[in-house]
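Since the structure comes first, as structure tokens, the remarks are kept for the end.
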Amino acid sequence: MEESENKRKIIKILFPQPLPTPEDLEKKYPARKLIDGTMITRIAPSPTGFMHIGSLYTALISERLAHQTGGVFYLRIEDTDKKREISGVSNLIAQALEHYGIKIDEGETASGFEIGQYGPYKQSQRVKIYQTYIKFLLEKNLAYPCFSTNQELEEMRDMQESKSVRPGYYKQWAKWRDRSDEEVLNALKEGKKFVIRFKSGGDFDNKILIQDILLGKRELPENDQDIVIMKSNGLPTYHLAHVVDDHLMGTTHVIRGNEWFPSLPLHLQLFASMRWQPPQYGHIFPIQKMEGQSKRKLSKRKDHEANISYYEKQGYPTDAVMEYLLNLANSNFEEWRKHNPDENNRKFKLTFEKLSSSNGPLFDFNKLNDISKEIIARYSSEEVYCKCLDWAKKYDHQFAETMEKNLDYMKKILNIERRGGTNVRKDIGKWSNIKKEVEYFFDTDFNMAIDDIAQKLPGINPEDINNIVDSFIKSYNESDSKDEWFEKIKKISRAYGYADSIKIFKENPNKYKGNVADIAKIFRVLLTGRTQTPDLYSIMLVLGKDRVLKKLSVFK
RNA sequence: GGUCCCUUCGUCUAAUGGUUAGGACAUCAGGUUUUCAUCCUGAAAACAGGGGUUCAAUUCCCCUAGGGACUACCA
């Protein structure tokens, strides 16, 4: 009798302020009405830096699954670690999600407003909720205060290591687990710092059977660690917050990184001790990178491509990044895209079954670039112009200015080999490439060194070059049709001992100095400084007579 | 150290108790195109190793190796 009296005292000291009861909270956050198969999913990042490509990946998967099943996808900010938090980042996450077209139904949106009935969606604003359940666990004798100092814990760990026993705070190592209420009261009166620990009933030698959506049936040892559920600053740890929030917010499927897999027994234990139904879990592998001989997780610090803002800075269309990730998630996406080239990728049905359970994939820029080129090739020149301009306004002001000043000219340039025809150009993979691709259209003071030119035109007699250019200039007429224009090129080819078609040249390679492609190459190099460009005729048309002549005459 | 996960072309992956182990990207070589591209065709390229089970194993089982995750008052 006296014992429970003391216990009440302890709880009163621990939580002097009034708290809602678990019943209050159940009423405030009623279970969601679900139809069979509806999924409620979430993304729950911690605002400790930029948004990781892996978070975007899990967000994408979670969102698609929720919305495909008529469910809800929400954003919850896990900001219980005040030391590592970087202010302003939480909204960056919402903005990033919006930027990539991942629609959240609940949580703080990009504009800063919170929507949804199950909020607040920021854990730091839910402290009372967590404390309600911590108090509940204390009352049920499923939790207890622990006054061990960091130093004591460290010493304990060293001891465990030296005896080579499993480290941690459990069983006989859990010093405060079975202290009397008097001792606890005394410690509190002395004003000692404390945390609240979960009192685990688990045994490490027992195995529990779990069912992961992606990994299937697995066995894990029971959790016997008395893990901290409330830190000394009164905030909950991830484990407690996860269990409370995902229960109250009605999450049905938790998709998260597989670094959480080992703590699954703990989470299930917590759900059980609250008598709650746990959600279904799916643990996905992180996107990795090769370093030397070994793979490793994409690191926030070391790898610029870990940060999703990298892709924006580079100017990859958001769809390209999304489709690349979709492709990683379900490899049959590729097949679907092939048969549905013009569909919005939202029409693609993402499935758990196809979600790979293999090791973490290596990030493949070749693949991203390819996907991106295909996507950009499908855009009209108008779209290319607008999207590129949007990008340049943010990341290349000078180029943005150039684009705006030369709006019509720029559109003409971008329109070359892009009018929805069958032979669309696929050489632009990201907006930051465009500048280089159109450079020569603006470079009127073209002053390429003669040596450079000769280098790009090996095997062609410099004197010939001179004469060929001369003949061309003499016959050049800006209003020539493509056929007329090419006829002139052919004529020049013949005049200087070059075959006027590749076919003819191949029939008698020894008869000619080269073929019409070599002649075209001369003009290509002189006009653009490069050997690979879009259609030459179109380029000249867009450049206009003045620029063409200026560029050609520079060589003289 | 302990616990757990993973392993098919360079990369992402498909499939299967019996297949010439399929596709995509990348690479290379041809071809079409009046130039450059696009496009088309083709080539090279993989079941980590060793044991079982089986008429038959890449597929099932075991071991080994390699890789990864976790082992915080971080998430």
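Convention: chains lettered A, B, ... in structure tokens order; per-chain residue numbering from 1; ligands numbered from 1 as shown.
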Query raised in the report: Counting only C-alpha atoms (C1' of nucleotides), which residues from chain A have an atom at most 6 Å from any atom of chain B, and could you show them as a ChimeraX atom specification?
Result: /A:231,259,262,359,367,423-425,517,520,532-535
**Report entry** Contact residues around A:Tyr29 with only C-alpha atoms (C1' of nucleotides) at 8 Å, ignoring same-chain residues under 4 positions, as a PyMOL selection string
**Finding:** chain A and resi 25+117-118+248-249
Query - Residues near A:Lys128, cut-off 10 Å, only C-alpha atoms (C1' of nucleotides), skip fewer than 4 positions along chain, as a list in words - result: Phe15, Gln17, Pro18, Leu19, Pro20, Ser124, Thr132, Tyr133, Ile134, Gly234 and Leu235 of chain A
Residues as selected, C-alpha atoms, written as a compact mmCIF listing (two decimals), in the first residue's frame, can you do that?
# COMPACT_ATOMS: atom_id res chain seq x y z
CA PHE A 15 5.27 14.80 -14.45
CA GLN A 17 2.06 19.30 -15.09
CA PRO A 18 -1.36 17.99 -16.08
CA LEU A 19 -1.35 15.60 -19.01
CA PRO A 20 -4.07 14.17 -21.17
CA SER A 124 8.73 18.66 -30.76
CA THR A 132 1.12 10.72 -21.47
CA TYR A 133 2.24 7.34 -22.65
CA ILE A 134 5.49 7.42 -20.76
CA GLY A 234 11.97 15.52 -21.46
CA LEU A 235 11.83 14.69 -25.17
Report task. Could you pull out the residues in stretch 153-235 of chain A that DSSP calls strand (DSSP E or B) from the backbone, as a list in words? Result ->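 Filtering stretch 153-235 of chain A down to strand (DSSP E or B) leaves Tyr170, Val195, Ile196, Arg197, Phe198, Lys207, Ile208, Leu209, Ile210, Gln211, Asp212, Gly216, Lys217, Arg218, Glu219, Leu220, Pro221, Gln225, Val228, Ile229 and Met230 of chain A.
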Query - Residues of stretch 41-151 of chain A in alpha helix (DSSP H), written as JSON, numbers by chain - result: {"A": [53, 54, 55, 56, 57, 58, 59, 60, 61, 62, 63, 64, 65, 66, 67, 68, 89, 90, 91, 92, 93, 94, 95, 96, 97, 98, 99, 127, 128, 129, 130, 131, 132, 133, 134, 135, 136, 137, 138, 139, 150, 151]}
Report task. Write out as a PyMOL selection string the residues lying within 9 Å of stretch 145-150 of chain A, counting only C-alpha atoms (C1' of nucleotides) and excluding same-chain residues fewer than 5 positions away. Result -> (chain A and resi 14+138+155+174-177+184+187-188+192-198+228) or (chain B and resi 73)
Can you write out the residues you just picked, keeping N, CA and C atoms (P, O5', C5', C4', C3', O3' and C1' of nucleotides), as a PDB file, in the first residue's frame?
ATOM      1  N   LEU A  14       7.870  13.399 -11.424  1.00  0.00           N
ATOM      2  CA  LEU A  14       8.324  13.277 -12.813  1.00  0.00           C
ATOM      3  C   LEU A  14       7.470  14.112 -13.775  1.00  0.00           C
ATOM      4  N   LEU A 138       4.953   3.972 -16.907  1.00  0.00           N
ATOM      5  CA  LEU A 138       5.447   4.013 -15.525  1.00  0.00           C
ATOM      6  C   LEU A 138       4.400   3.404 -14.587  1.00  0.00           C
ATOM      7  N   GLU A 155      31.630   3.526 -18.352  1.00  0.00           N
ATOM      8  CA  GLU A 155      32.414   2.557 -17.584  1.00  0.00           C
ATOM      9  C   GLU A 155      31.813   1.166 -17.705  1.00  0.00           C
ATOM     10  N   ALA A 174      21.186  -3.537 -15.826  1.00  0.00           N
ATOM     11  CA  ALA A 174      20.226  -2.435 -15.689  1.00  0.00           C
ATOM     12  C   ALA A 174      20.112  -2.032 -14.220  1.00  0.00           C
ATOM     13  N   LYS A 175      21.025  -1.153 -13.840  1.00  0.00           N
ATOM     14  CA  LYS A 175      21.197  -0.818 -12.430  1.00  0.00           C
ATOM     15  C   LYS A 175      19.969  -0.257 -11.738  1.00  0.00           C
ATOM     16  N   TRP A 176      19.199   0.519 -12.452  1.00  0.00           N
ATOM     17  CA  TRP A 176      18.062   1.186 -11.814  1.00  0.00           C
ATOM     18  C   TRP A 176      16.740   0.460 -12.058  1.00  0.00           C
ATOM     19  N   ARG A 177      16.845  -0.661 -12.654  1.00  0.00           N
ATOM     20  CA  ARG A 177      15.637  -1.387 -13.032  1.00  0.00           C
ATOM     21  C   ARG A 177      14.789  -1.779 -11.817  1.00  0.00           C
ATOM     22  N   VAL A 184      14.606   5.808  -5.462  1.00  0.00           N
ATOM     23  CA  VAL A 184      14.252   6.687  -6.580  1.00  0.00           C
ATOM     24  C   VAL A 184      13.857   8.061  -6.052  1.00  0.00           C
ATOM     25  N   ALA A 187      16.904   9.984  -4.976  1.00  0.00           N
ATOM     26  CA  ALA A 187      17.663  10.484  -6.127  1.00  0.00           C
ATOM     27  C   ALA A 187      16.976  11.708  -6.718  1.00  0.00           C
ATOM     28  N   LEU A 188      15.659  11.658  -6.764  1.00  0.00           N
ATOM     29  CA  LEU A 188      14.913  12.794  -7.302  1.00  0.00           C
ATOM     30  C   LEU A 188      15.069  14.012  -6.399  1.00  0.00           C
ATOM     31  N   LYS A 192      19.050  14.757  -9.076  1.00  0.00           N
ATOM     32  CA  LYS A 192      19.872  14.073 -10.084  1.00  0.00           C
ATOM     33  C   LYS A 192      19.165  14.052 -11.437  1.00  0.00           C
ATOM     34  N   LYS A 193      19.967  14.135 -12.448  1.00  0.00           N
ATOM     35  CA  LYS A 193      19.416  14.047 -13.806  1.00  0.00           C
ATOM     36  C   LYS A 193      18.988  12.612 -14.073  1.00  0.00           C
ATOM     37  N   PHE A 194      17.936  12.473 -14.856  1.00  0.00           N
ATOM     38  CA  PHE A 194      17.458  11.111 -15.113  1.00  0.00           C
ATOM     39  C   PHE A 194      16.879  10.975 -16.524  1.00  0.00           C
ATOM     40  N   VAL A 195      16.775   9.765 -16.945  1.00  0.00           N
ATOM     41  CA  VAL A 195      16.026   9.442 -18.162  1.00  0.00           C
ATOM     42  C   VAL A 195      14.988   8.401 -17.763  1.00  0.00           C
ATOM     43  N   ILE A 196      14.009   8.183 -18.644  1.00  0.00           N
ATOM     44  CA  ILE A 196      13.060   7.094 -18.387  1.00  0.00           C
ATOM     45  C   ILE A 196      13.395   5.951 -19.331  1.00  0.00           C
ATOM     46  N   ARG A 197      13.509   4.780 -18.755  1.00  0.00           N
ATOM     47  CA  ARG A 197      13.797   3.604 -19.570  1.00  0.00           C
ATOM     48  C   ARG A 197      12.608   2.672 -19.645  1.00  0.00           C
ATOM     49  N   PHE A 198      12.521   1.998 -20.733  1.00  0.00           N
ATOM     50  CA  PHE A 198      11.509   0.970 -20.928  1.00  0.00           C
ATOM     51  C   PHE A 198      11.969  -0.283 -20.200  1.00  0.00           C
ATOM     52  N   VAL A 228      16.230   3.790 -23.571  1.00  0.00           N
ATOM     53  CA  VAL A 228      15.708   5.079 -23.116  1.00  0.00           C
ATOM     54  C   VAL A 228      14.488   5.430 -23.951  1.00  0.00           C
TER      55      VAL A 228
ATOM     56  P     C B  73      22.086   5.827 -24.778  1.00  0.00           P
ATOM     57  O5'   C B  73      21.225   7.125 -25.157  1.00  0.00           O
ATOM     58  C5'   C B  73      19.865   7.194 -24.848  1.00  0.00           C
ATOM     59  C4'   C B  73      19.447   8.630 -25.077  1.00  0.00           C
ATOM     60  C3'   C B  73      20.545   9.400 -25.805  1.00  0.00           C
ATOM     61  O3'   C B  73      20.004  10.032 -26.950  1.00  0.00           O
ATOM     62  C1'   C B  73      20.000  10.404 -23.665  1.00  0.00           C
TER      63        C B  73
END
**Report entry** Selection: 12 Å around B:U64, only C-alpha atoms (C1' of nucleotides), excl. self and same-chain fewer than 4 positions, as a PyMOL selection string
**Finding:** chain B and resi 48-51
**Report entry** Residues near B:G42, cut-off 10 Å, only C-alpha atoms (C1' of nucleotides), skip fewer than 2 positions along chain, as an MDAnalysis selection string
**Finding:** chainID B and resid 29:31
Report task. Record the distance separating atom CA of A:Ile468 and atom CA of A:Ile492, expressed in Å with one decimal. Result ->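 Between atom CA of A:Ile468 and atom CA of A:Ile492 the gap works out to 6.8 Å.
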Query raised in the report: What does the distance between atom CA of A:Leu362 and atom CA of A:His283 come to in Å, to one decimal place?
Result: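 Pair atom CA of A:Leu362 / atom CA of A:His283 returns 17.3 Å.
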**Report entry** Pick from A:Tyr144, A:Trp276, A:Tyr57, A:Phe505, whichever lies nearest to A:Arg256 using only C-alpha atoms
**Finding:**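 When distances to A:Arg256 are compared using only C-alpha atoms, the smallest one comes from A:Tyr57.
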Query raised in the report: Skipping near chain neighbours, those fewer than 6 positions away, what residues fall within 8 Å of A:Leu527 using only C-alpha atoms (C1' of nucleotides), listed as a ChimeraX atom specification?
Result: /A:440,548,551-552
